[in-house]
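A.B. asks: To be precise about what I am sending: the file is called work04.txt and holds compact mmCIF, C-alpha atoms.
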```txt
# COMPACT_ATOMS: atom_id res chain seq x y z
CA MET X 8 96.61 69.26 115.94
CA LYS X 9 94.85 69.00 119.28
CA ILE X 10 96.45 71.30 121.78
CA CYS X 11 95.74 71.74 125.46
CA ILE X 12 96.82 74.96 127.18
CA VAL X 13 96.99 75.18 130.96
CA GLY X 14 97.24 78.74 132.18
CA GLY X 15 95.66 82.12 132.02
CA GLY X 16 96.11 85.78 131.46
CA LEU X 17 96.86 87.49 128.21
CA LEU X 18 99.62 85.01 127.52
CA ALA X 19 97.08 82.19 127.29
CA TYR X 20 94.63 84.38 125.39
CA PHE X 21 96.98 85.54 122.67
CA LEU X 22 98.63 82.16 122.38
CA ALA X 23 95.20 80.59 121.97
CA ARG X 24 94.19 83.15 119.37
CA SER X 25 97.31 82.57 117.34
CA LEU X 26 97.01 78.78 117.52
CA LEU X 27 93.31 78.89 116.60
CA SER X 28 94.03 81.07 113.59
CA LYS X 29 96.41 78.37 112.37
CA GLY X 30 93.58 75.84 112.51
CA HIS X 31 94.49 73.89 115.63
CA SER X 32 91.78 72.65 117.93
CA LEU X 33 92.19 73.92 121.42
CA THR X 34 91.30 73.23 125.05
CA ILE X 35 92.17 75.72 127.77
CA ILE X 36 92.33 74.77 131.44
CA ASN X 37 92.13 77.68 133.85
CA ASN X 38 91.32 77.78 137.55
CA ASP X 39 89.67 81.21 137.59
CA ARG X 40 85.98 81.04 136.84
CA GLU X 41 85.67 84.62 135.63
CA GLU X 42 88.62 84.30 133.36
CA CYS X 43 87.13 81.08 131.99
CA SER X 44 83.94 82.82 130.96
CA TRP X 45 85.97 85.68 129.50
CA PHE X 46 87.88 83.14 127.37
CA ALA X 47 84.68 81.33 126.46
CA ARG X 48 83.13 84.52 125.08
CA ARG X 49 86.16 85.39 122.97
CA LEU X 50 87.70 82.13 121.81
CA LYS X 51 86.41 79.20 119.80
CA ALA X 52 87.96 76.74 122.20
CA VAL X 53 86.84 74.27 124.82
CA ILE X 54 87.32 75.95 128.21
CA VAL X 55 87.69 73.80 131.31
CA HIS X 56 87.48 75.40 134.72
CA GLY X 57 89.74 73.71 137.26
CA ASN X 58 93.22 73.16 138.58
CA GLY X 59 95.35 71.74 135.78
CA THR X 60 97.70 70.00 138.19
CA GLN X 61 94.91 67.63 139.17
CA PRO X 62 94.83 64.53 136.99
CA ALA X 63 91.02 64.49 137.22
CA ILE X 64 90.86 67.90 135.53
CA LEU X 65 93.35 66.84 132.86
CA ASP X 66 91.14 63.79 132.27
CA ASP X 67 88.09 66.03 131.86
CA ALA X 68 89.92 68.24 129.41
CA GLY X 69 90.72 65.22 127.26
CA ALA X 70 94.45 65.41 127.83
CA ALA X 71 94.75 61.79 126.79
CA SER X 72 93.78 62.62 123.23
CA ALA X 73 95.78 65.83 122.95
CA ASP X 74 98.84 65.96 120.69
CA SER X 75 100.48 68.60 122.81
CA ILE X 76 100.18 70.26 126.16
CA LEU X 77 101.42 73.75 126.86
CA ALA X 78 101.85 74.48 130.57
CA ILE X 79 102.13 78.24 130.89
CA THR X 80 100.99 79.04 134.43
CA PRO X 81 103.09 81.49 136.48
CA HIS X 82 104.23 78.63 138.73
CA ASP X 83 107.17 76.57 137.54
CA GLU X 84 106.38 73.66 139.80
CA ASP X 85 102.84 73.46 138.42
CA ASN X 86 104.10 73.61 134.85
CA TYR X 87 106.54 70.86 135.65
CA LEU X 88 103.85 68.69 137.17
CA ILE X 89 101.46 69.20 134.25
CA CYS X 90 104.13 68.21 131.74
CA GLN X 91 105.21 65.18 133.75
CA ALA X 92 101.60 64.04 134.05
CA ALA X 93 101.10 64.56 130.32
CA ARG X 94 104.15 62.49 129.55
CA ARG X 95 103.79 59.77 132.14
CA LYS X 96 100.06 59.30 132.25
CA TYR X 97 98.76 60.38 128.87
CA ASP X 98 101.78 59.81 126.67
CA VAL X 99 101.26 63.22 125.06
CA GLN X 100 103.73 63.72 122.21
CA PHE X 101 104.84 67.21 122.98
CA ALA X 102 104.78 68.75 126.45
CA PHE X 103 105.89 72.33 126.59
CA ALA X 104 106.61 74.17 129.84
CA LEU X 105 107.03 77.82 130.55
CA VAL X 106 109.72 78.36 133.18
CA ASN X 107 109.87 81.60 135.11
CA ASP X 108 113.07 80.98 137.04
CA PRO X 109 115.71 80.81 134.28
CA ASP X 110 117.73 78.33 136.40
CA ASN X 111 114.86 75.90 135.99
CA GLU X 112 115.26 75.69 132.22
CA LYS X 113 118.25 73.40 132.60
CA ILE X 114 116.64 71.55 135.51
CA PHE X 115 113.46 70.83 133.54
CA ARG X 116 115.56 69.35 130.73
CA GLU X 117 117.43 67.24 133.26
CA LEU X 118 114.10 65.99 134.60
CA GLY X 119 112.98 64.98 131.13
CA ILE X 120 110.93 68.01 130.04
CA SER X 121 112.91 68.84 126.93
CA SER X 122 110.69 71.68 125.76
CA ALA X 123 111.19 74.10 128.61
CA PHE X 124 111.28 77.70 127.64
CA SER X 125 112.28 80.67 129.77
CA PRO X 126 111.10 84.09 128.57
CA ILE X 127 113.28 85.74 131.17
CA GLY X 128 116.28 83.75 130.01
CA ILE X 129 115.70 84.81 126.42
CA LEU X 130 115.04 88.43 127.38
CA SER X 131 118.18 88.69 129.41
CA LEU X 132 120.13 87.01 126.63
CA LEU X 133 118.83 89.63 124.24
CA ILE X 134 119.68 92.45 126.59
CA GLU X 135 123.12 91.06 127.30
CA GLN X 136 123.76 90.81 123.61
CA ARG X 137 122.77 94.42 123.20
CA ILE X 138 119.71 93.96 121.07
CA GLY X 139 119.37 97.69 121.74
CA TYR X 140 122.04 98.22 119.14
CA ASP X 141 120.04 99.73 116.25
CA ALA X 142 121.78 97.90 113.44
CA ILE X 143 120.81 94.47 114.80
CA THR X 144 117.53 93.66 113.16
CA ASN X 145 116.95 90.13 114.26
CA LEU X 146 118.22 87.66 116.78
CA THR X 147 117.01 84.08 116.98
CA PRO X 148 118.24 81.40 119.34
CA LEU X 149 119.16 78.14 117.58
CA ALA X 150 119.84 74.69 119.02
CA ASP X 151 118.19 75.35 122.40
CA GLY X 152 119.90 78.72 122.71
CA LYS X 153 123.37 77.23 122.29
CA ALA X 154 123.84 79.27 119.12
CA ASN X 155 122.30 82.42 117.67
CA LEU X 156 121.31 83.57 114.27
CA THR X 157 121.52 87.31 114.06
CA GLU X 158 121.26 89.97 111.38
CA ILE X 159 123.29 93.15 111.36
CA THR X 160 123.11 96.04 108.93
CA LEU X 161 126.53 97.51 108.17
CA ASP X 162 126.75 101.28 108.12
CA ALA X 163 129.38 103.32 106.34
CA ALA X 164 131.37 103.66 109.55
CA SER X 165 131.76 99.91 109.90
CA PRO X 166 135.43 98.91 109.74
CA VAL X 167 134.63 95.87 107.59
CA THR X 168 133.03 97.58 104.61
CA GLY X 169 135.17 97.23 101.52
CA LYS X 170 136.84 94.15 102.96
CA LYS X 171 136.51 90.54 101.88
CA ILE X 172 134.99 88.10 104.38
CA GLN X 173 138.11 85.92 104.34
CA ASP X 174 140.18 88.89 105.51
CA LEU X 175 138.02 89.65 108.54
CA ASP X 176 139.39 88.91 111.97
CA LEU X 177 136.32 86.93 113.04
CA PRO X 178 136.41 84.26 115.77
CA GLN X 179 136.32 80.58 114.76
CA SER X 180 132.84 79.77 116.09
CA CYS X 181 130.93 82.04 113.76
CA LEU X 182 129.88 82.03 110.14
CA ILE X 183 128.44 84.69 107.88
CA VAL X 184 125.60 82.85 106.16
CA SER X 185 123.81 85.49 104.15
CA VAL X 186 124.25 88.96 102.73
CA MET X 187 121.26 90.98 101.64
CA ARG X 188 122.15 93.80 99.28
CA ASP X 189 119.64 95.92 97.33
CA GLY X 190 116.86 93.44 98.08
CA GLN X 191 118.87 90.51 96.73
CA VAL X 192 120.19 87.73 98.93
CA LEU X 193 123.71 86.43 98.35
CA ILE X 194 125.13 83.34 99.97
CA PRO X 195 128.58 84.71 100.63
CA ARG X 196 131.93 83.04 100.10
CA GLY X 197 135.31 84.01 101.46
CA GLY X 198 135.89 86.34 98.55
CA THR X 199 132.61 88.28 98.96
CA GLU X 200 133.26 91.94 99.62
CA LEU X 201 131.06 93.70 102.18
CA HIS X 202 129.44 97.02 101.33
CA PRO X 203 127.82 99.70 103.48
CA GLY X 204 124.11 98.96 103.82
CA ASP X 205 124.60 95.18 103.56
CA ARG X 206 122.39 93.23 105.91
CA ILE X 207 124.36 90.20 106.95
CA GLY X 208 123.18 87.06 108.70
CA ILE X 209 125.57 85.42 111.14
CA VAL X 210 125.41 82.17 113.06
CA SER X 211 127.59 82.26 116.16
CA LEU X 212 128.05 80.81 119.61
CA PRO X 213 126.92 83.16 122.40
CA GLU X 214 130.40 83.34 123.91
CA VAL X 215 131.96 84.82 120.76
CA TYR X 216 128.99 87.02 119.92
CA PRO X 217 130.31 90.23 121.54
CA ARG X 218 133.58 89.76 119.64
CA VAL X 219 131.70 89.26 116.35
CA LEU X 220 129.73 92.43 117.00
CA ALA X 221 132.89 94.34 117.78
CA VAL X 222 134.57 93.22 114.55
CA LEU X 223 131.58 94.07 112.38
CA THR X 224 130.58 97.38 113.92
CA GLY X 225 133.88 98.62 115.28
CA ASP X 226 132.06 99.21 118.54
CA THR X 227 133.83 97.48 121.40
CA GLY X 228 130.92 98.07 123.76
CA VAL X 229 133.01 99.70 126.47
CA MET I 13 118.97 66.33 155.81
CA VAL I 14 116.78 68.94 154.19
CA ILE I 15 113.17 69.51 155.19
CA VAL I 16 111.08 71.59 152.83
CA GLY I 17 108.14 73.32 154.47
CA CYS I 18 108.02 74.19 158.17
CA GLY I 19 104.36 73.55 158.90
CA ARG I 20 103.08 71.07 161.46
CA PHE I 21 104.54 68.05 159.73
CA GLY I 22 107.80 69.69 158.62
CA SER I 23 108.55 71.29 161.98
CA TYR I 24 107.75 68.05 163.81
CA LEU I 25 110.20 66.13 161.64
CA ALA I 26 112.82 68.88 161.96
CA ASN I 27 112.59 68.94 165.75
CA ARG I 28 112.73 65.19 166.00
CA TYR I 29 115.67 64.68 163.67
CA SER I 30 117.56 67.56 165.24
CA ARG I 31 117.05 66.07 168.70
CA ALA I 32 118.26 62.73 167.41
CA GLY I 33 121.52 64.40 166.39
CA SER I 34 121.02 64.89 162.64
CA SER I 35 122.16 68.05 160.94
CA VAL I 36 118.92 69.57 159.66
CA VAL I 37 118.18 72.41 157.22
CA VAL I 38 114.58 73.64 157.08
CA VAL I 39 113.32 75.68 154.12
CA ASP I 40 110.14 77.77 154.19
CA PRO I 41 109.12 81.02 152.50
CA ASP I 42 107.50 82.32 155.69
CA PRO I 43 110.04 83.29 158.36
CA GLY I 44 107.24 83.18 160.95
CA SER I 45 106.90 79.45 160.40
CA PHE I 46 110.26 78.84 162.07
CA THR I 47 108.76 79.68 165.46
CA ALA I 48 107.34 76.14 165.36
CA LEU I 49 110.88 74.83 165.81
CA SER I 50 111.71 73.94 169.39
CA ALA I 51 114.21 75.90 171.47
CA ASP I 52 116.78 73.12 171.28
CA PHE I 53 116.58 72.89 167.46
CA SER I 54 120.22 73.04 166.41
CA GLY I 55 119.87 73.09 162.61
CA PHE I 56 119.67 75.85 160.03
CA THR I 57 116.67 77.68 158.63
CA ILE I 58 116.48 79.13 155.14
CA GLU I 59 113.79 81.56 154.12
CA GLY I 60 112.81 80.84 150.54
CA ASN I 61 110.79 78.85 148.06
CA ALA I 62 112.11 75.37 147.52
CA PHE I 63 111.03 75.33 143.89
CA GLU I 64 113.69 77.94 143.35
CA PHE I 65 116.85 76.14 142.36
CA ALA I 66 119.10 78.65 144.08
CA VAL I 67 117.32 78.02 147.39
CA LEU I 68 117.88 74.26 147.19
CA GLN I 69 121.50 74.96 146.39
CA GLN I 70 121.78 77.27 149.38
CA ALA I 71 120.31 74.53 151.56
CA LYS I 72 123.28 72.35 150.51
CA THR I 73 120.88 69.77 149.09
CA GLY I 74 123.80 68.21 147.22
CA LYS I 75 125.29 67.07 150.54
CA ALA I 76 122.05 65.77 152.06
CA ASP I 77 121.31 62.10 152.67
CA LEU I 78 117.60 62.73 152.85
CA LEU I 79 115.15 65.35 151.64
CA VAL I 80 111.54 65.46 152.78
CA ALA I 81 109.13 67.81 150.97
CA THR I 82 106.23 68.70 153.25
CA THR I 83 104.68 71.89 151.84
CA GLN I 84 100.93 72.30 151.38
CA LYS I 85 101.30 72.11 147.62
CA ASP I 86 101.67 68.77 145.86
CA SER I 87 103.35 70.26 142.84
CA THR I 88 105.99 72.03 144.92
CA ASN I 89 106.73 68.82 146.81
CA LEU I 90 106.96 66.70 143.68
CA PHE I 91 109.07 69.22 141.83
CA CYS I 92 111.65 69.82 144.51
CA ALA I 93 111.76 66.09 145.27
CA GLN I 94 112.54 65.38 141.62
CA VAL I 95 115.19 68.09 141.52
CA ALA I 96 116.76 66.67 144.69
CA LYS I 97 116.73 63.16 143.23
CA VAL I 98 117.88 63.85 139.69
CA HIS I 99 120.05 66.93 139.97
CA PHE I 100 121.45 66.73 143.49
CA GLN I 101 121.35 62.91 143.61
CA VAL I 102 120.08 62.82 147.17
CA PRO I 103 119.94 59.11 148.10
CA GLU I 104 116.55 59.23 149.77
CA VAL I 105 113.79 61.62 148.77
CA ILE I 106 110.28 61.69 150.20
CA ALA I 107 107.43 63.91 149.02
CA ARG I 108 104.11 64.40 150.71
CA VAL I 109 101.45 64.23 148.02
CA TYR I 110 97.83 64.70 149.05
CA ASP I 111 96.30 63.64 145.74
CA PRO I 112 96.64 59.84 145.38
CA SER I 113 96.23 60.08 141.60
CA LEU I 114 99.30 62.34 141.41
CA ALA I 115 101.24 59.98 143.62
CA ALA I 116 100.39 57.21 141.18
CA ILE I 117 101.82 59.16 138.26
CA PHE I 118 105.16 59.53 140.03
CA GLN I 119 105.44 55.89 140.98
CA GLY I 120 108.69 54.46 139.69
CA SER I 121 110.38 57.84 139.37
CA GLY I 122 112.78 57.11 142.22
CA ILE I 123 111.09 59.23 144.86
CA THR I 124 108.95 57.95 147.70
CA THR I 125 105.54 59.57 147.97
CA ILE I 126 103.44 59.64 151.10
CA SER I 127 99.78 60.38 150.67
CA PRO I 128 98.05 61.34 153.94
CA VAL I 129 94.75 60.65 152.21
CA LEU I 130 95.71 57.05 151.48
CA ILE I 131 97.21 56.55 154.93
CA ALA I 132 94.04 57.81 156.60
CA ALA I 133 91.84 55.74 154.30
CA GLU I 134 93.88 52.63 154.96
CA SER I 135 93.71 53.09 158.71
CA PHE I 136 89.92 53.33 158.48
CA PHE I 137 89.63 50.48 156.01
CA PRO I 138 92.68 48.25 156.40
CA PRO I 139 93.47 46.45 153.14
CA ALA I 140 92.12 42.92 153.52
```
For the structure just supplied, provide its representation as structure tokens.
C.D. replies:
Amino acid sequence: MKICIVGGGLLAYFLARSLLSKGHSLTIINNDREECSWFARRLKAVIVHGNGTQPAILDDAGAASADSILAITPHDEDNYLICQAARRKYDVQFAFALVNDPDNEKIFRELGISSAFSPIGILSLLIEQRIGYDAITNLTPLADGKANLTEITLDAASPVTGKKIQDLDLPQSCLIVSVMRDGQVLIPRGGTELHPGDRIGIVSLPEVYPRVLAVLTGDTGV
Amino acid sequence: MVIVGCGRFGSYLANRYSRAGSSVVVVDPDPGSFTALSADFSGFTIEGNAFEFAVLQQAKTGKADLLVATTQKDSTNLFCAQVAKVHFQVPEVIARVYDPSLAAIFQGSGITTISPVLIAAESFFPPA
């Protein structure tokens, strides 16, 4: 896949490195000359020096033939403009924008940039949902962040160990989808009994998540 | 009406509309820029970046009949113009866009763009 990245810093560097290692061909647009030569020395990518919000620079970088554009500058309005240009002028399949102001995530979608992604939004979601809680090993947003997949390891103190899933007082909008026990994965049914040490995967809506946590860990968080 | 950017162009518009009796809100990140508003300016000033959604909200963009984006940066102007049009459904939205090729990309998106470059060029070489 031909990918064009507009942006700089370590974010662009590491993103480029990871995409290159997966075999994609890459162009990076950056408006800092020194950073461009730094990239050029370290990455097997085409580096274009210039302001990515200018259509002439996007033309130079071959945006018209790119399959996707990733706009990851620190300026939301620039990222927006780059994605709009990619969509409107070059008909690029996939335009991805980094948004810094979490409010803009929704706005970008409204304005037709469906792949807007807010690291701050995700971070604060994680913090709100107490990712700090040791037993939670994984938390992945699903369906644009409207649902989460999370994994929790049950300890002996958990009030649900020894109980069957059907007897748990879980909210409606959540589902236990997997149980990992002794290295084996079970797809649980209502009659599955939970044991201490089970690592369970749960899909839930964010609004019921604290309640799910409270039921499974006995910790009400207050 | 909301005017984004209180530079020469923005402050001129703000003063003029205010004098004509419109209720004007001017947004600019630099509080010093508001000194360009005349003594009889009767509108409101908001210190902030107009690409920040909360700032546009604070400026009561949802109630505006007109938004003019006049900052030095094309992308800021285009972005907040689009937000005003699509999210706040402001009936008339005008963005100053220096780069004519950017203005071309946003043609047909419901916002009016004014390119000083094109205006200057056309006054030197009137279209035949």
A.B. asks: Each residue of chain X lying at most 9 Å from chain I should get a row with its shortest atom-to-atom pair and the distance in Å to one decimal, counting only C-alpha atoms; could you produce that, ordered by chain and increasing number, as JSON lines?
C.D. replies:
```
{"residue": "X:Thr60", "atom": "CA", "partner": "I:Ser87", "partner_atom": "CA", "distance": 7.3}
{"residue": "X:Gln61", "atom": "CA", "partner": "I:Leu114", "partner_atom": "CA", "distance": 7.2}
{"residue": "X:Pro62", "atom": "CA", "partner": "I:Ser113", "partner_atom": "CA", "distance": 6.6}
{"residue": "X:Ala63", "atom": "CA", "partner": "I:Ser113", "partner_atom": "CA", "distance": 8.1}
{"residue": "X:Asp83", "atom": "CA", "partner": "I:Phe63", "partner_atom": "CA", "distance": 7.5}
{"residue": "X:Glu84", "atom": "CA", "partner": "I:Thr88", "partner_atom": "CA", "distance": 5.4}
{"residue": "X:Asp85", "atom": "CA", "partner": "I:Ser87", "partner_atom": "CA", "distance": 5.5}
{"residue": "X:Asn86", "atom": "CA", "partner": "I:Ser87", "partner_atom": "CA", "distance": 8.7}
{"residue": "X:Tyr87", "atom": "CA", "partner": "I:Phe91", "partner_atom": "CA", "distance": 6.9}
{"residue": "X:Leu88", "atom": "CA", "partner": "I:Ser87", "partner_atom": "CA", "distance": 5.9}
{"residue": "X:Ile89", "atom": "CA", "partner": "I:Ser87", "partner_atom": "CA", "distance": 8.9}
{"residue": "X:Gln91", "atom": "CA", "partner": "I:Ile117", "partner_atom": "CA", "distance": 8.3}
{"residue": "X:Ala92", "atom": "CA", "partner": "I:Ile117", "partner_atom": "CA", "distance": 6.4}
{"residue": "X:Arg95", "atom": "CA", "partner": "I:Ile117", "partner_atom": "CA", "distance": 6.5}
{"residue": "X:Lys96", "atom": "CA", "partner": "I:Ile117", "partner_atom": "CA", "distance": 6.3}
{"residue": "X:Asp108", "atom": "CA", "partner": "I:Glu64", "partner_atom": "CA", "distance": 7.0}
{"residue": "X:Asp110", "atom": "CA", "partner": "I:Phe65", "partner_atom": "CA", "distance": 6.4}
{"residue": "X:Asn111", "atom": "CA", "partner": "I:Phe65", "partner_atom": "CA", "distance": 6.7}
{"residue": "X:Ile114", "atom": "CA", "partner": "I:Val95", "partner_atom": "CA", "distance": 7.1}
{"residue": "X:Phe115", "atom": "CA", "partner": "I:Val95", "partner_atom": "CA", "distance": 8.6}
{"residue": "X:Glu117", "atom": "CA", "partner": "I:His99", "partner_atom": "CA", "distance": 7.2}
{"residue": "X:Leu118", "atom": "CA", "partner": "I:Val98", "partner_atom": "CA", "distance": 6.7}
```
A.B. asks: Take the residues from that selection and write them out as a PDB file, in the coordinates of the input, keeping C-alpha atoms.
C.D. replies:
```
ATOM      1  CA  THR X  60      97.700  70.000 138.190  1.00  0.00           C
ATOM      2  CA  GLN X  61      94.910  67.630 139.170  1.00  0.00           C
ATOM      3  CA  PRO X  62      94.830  64.530 136.990  1.00  0.00           C
ATOM      4  CA  ALA X  63      91.020  64.490 137.220  1.00  0.00           C
ATOM      5  CA  ASP X  83     107.170  76.570 137.540  1.00  0.00           C
ATOM      6  CA  GLU X  84     106.380  73.660 139.800  1.00  0.00           C
ATOM      7  CA  ASP X  85     102.840  73.460 138.420  1.00  0.00           C
ATOM      8  CA  ASN X  86     104.100  73.610 134.850  1.00  0.00           C
ATOM      9  CA  TYR X  87     106.540  70.860 135.650  1.00  0.00           C
ATOM     10  CA  LEU X  88     103.850  68.690 137.170  1.00  0.00           C
ATOM     11  CA  ILE X  89     101.460  69.200 134.250  1.00  0.00           C
ATOM     12  CA  GLN X  91     105.210  65.180 133.750  1.00  0.00           C
ATOM     13  CA  ALA X  92     101.600  64.040 134.050  1.00  0.00           C
ATOM     14  CA  ARG X  95     103.790  59.770 132.140  1.00  0.00           C
ATOM     15  CA  LYS X  96     100.060  59.300 132.250  1.00  0.00           C
ATOM     16  CA  ASP X 108     113.070  80.980 137.040  1.00  0.00           C
ATOM     17  CA  ASP X 110     117.730  78.330 136.400  1.00  0.00           C
ATOM     18  CA  ASN X 111     114.860  75.900 135.990  1.00  0.00           C
ATOM     19  CA  ILE X 114     116.640  71.550 135.510  1.00  0.00           C
ATOM     20  CA  PHE X 115     113.460  70.830 133.540  1.00  0.00           C
ATOM     21  CA  GLU X 117     117.430  67.240 133.260  1.00  0.00           C
ATOM     22  CA  LEU X 118     114.100  65.990 134.600  1.00  0.00           C
TER      23      LEU X 118
END
```
A.B. asks: Env of Val37 of chain I: 9 Å cut, atoms = all atoms listed in the file, seq-sep filter 6 positions within chain, self excluded. Answer as JSON, numbers by chain.
C.D. replies: {"I": [13, 14, 15, 16, 26, 55, 56, 57, 58, 71, 72, 73]}
A.B. asks: Pick out the residues sitting within 8 Å of segment 37-40 of chain X, and hand them over as an NGL selection string; count all atoms listed in the file, and ignore anything fewer than 4 positions along from it in its own chain.
C.D. replies: :X and (13-15 or 44 or 54-59)
A.B. asks: How many Å lie between atom CA of Gln70 of chain I and atom CA of Phe100 of chain I, rounded to one decimal?
C.D. replies: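 Atom CA of Gln70 of chain I sits 12.1 Å away from atom CA of Phe100 of chain I.
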A.B. asks: Could you jot down the atom CA of Ser32 of chain X to atom CA of Gly128 of chain X separation for me, Å, one decimal place?
C.D. replies: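 Going from atom CA of Ser32 of chain X over to atom CA of Gly128 of chain X, I get 29.5 Å.
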A.B. asks: Would you place a box with edges along x, y and z of the file around all atoms of segment 43-57 of chain X listed there, add 6 Å to each of its six sides, and report the centre and edge lengths in Å to one decimal, as AutoDock Vina command-line options?
C.D. replies:
```
--center_x 86.4 --center_y 79.7 --center_z 128.5 --size_x 18.6 --size_y 24.0 --size_z 29.5
```
A.B. asks: With only C-alpha atoms as the counted atoms, please give the residues lying no more than 12 Å from segment 45-48 of chain I, apart from itself and same-chain residues fewer than 3 positions off, as a list of chain:residue names.
C.D. replies: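 These residues fall inside the cut-off: I:Ile15, I:Val16, I:Gly17, I:Cys18, I:Gly19, I:Arg20, I:Phe21, I:Gly22, I:Ser23, I:Tyr24, I:Leu25, I:Ala26, I:Asn27, I:Val37, I:Val38, I:Val39, I:Asp40, I:Pro41, I:Asp42, I:Ala51, I:Asp52, I:Phe53, I:Gly55, I:Phe56, I:Thr57, I:Ile58, I:Glu59, I:Gly60, I:Thr83.
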A.B. asks: Work out how far atom CA of Val210 of chain X is from atom CA of Thr157 of chain X, in Å to one decimal.
C.D. replies: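 That distance, rounded to one decimal, is 6.5 Å.
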A.B. asks: Using only C-alpha atoms, which protein or nucleic acid residues come within 10 Å of Gly190 of chain X? Drop anything in the same chain fewer than 4 positions from it, and give the result as a list of chain:residue names.
C.D. replies: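 In the requested form, the answer reads X:Val186, X:Asp205, X:Arg206.
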A.B. asks: With all atoms listed in the file as the atoms that count, which of X:Leu27, X:Ala19, X:Leu223, X:Leu133 lies nearest to Pro166 of chain X?
C.D. replies: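 Using all atoms listed in the file, Pro166 of chain X sits closest to X:Leu223.
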A.B. asks: Excluding Phe46 of chain X and its own-chain neighbours fewer than 6 positions away, which residues fall within 9 Å of it when counting only C-alpha atoms? Please give them as a count of residues only.
C.D. replies: 4
A.B. asks: With only C-alpha atoms as the basis for distance, which of X:Ile134, X:Leu149, X:Val53, X:Ile12 is at the shortest distance from Phe101 of chain X?
C.D. replies: X:Ile12
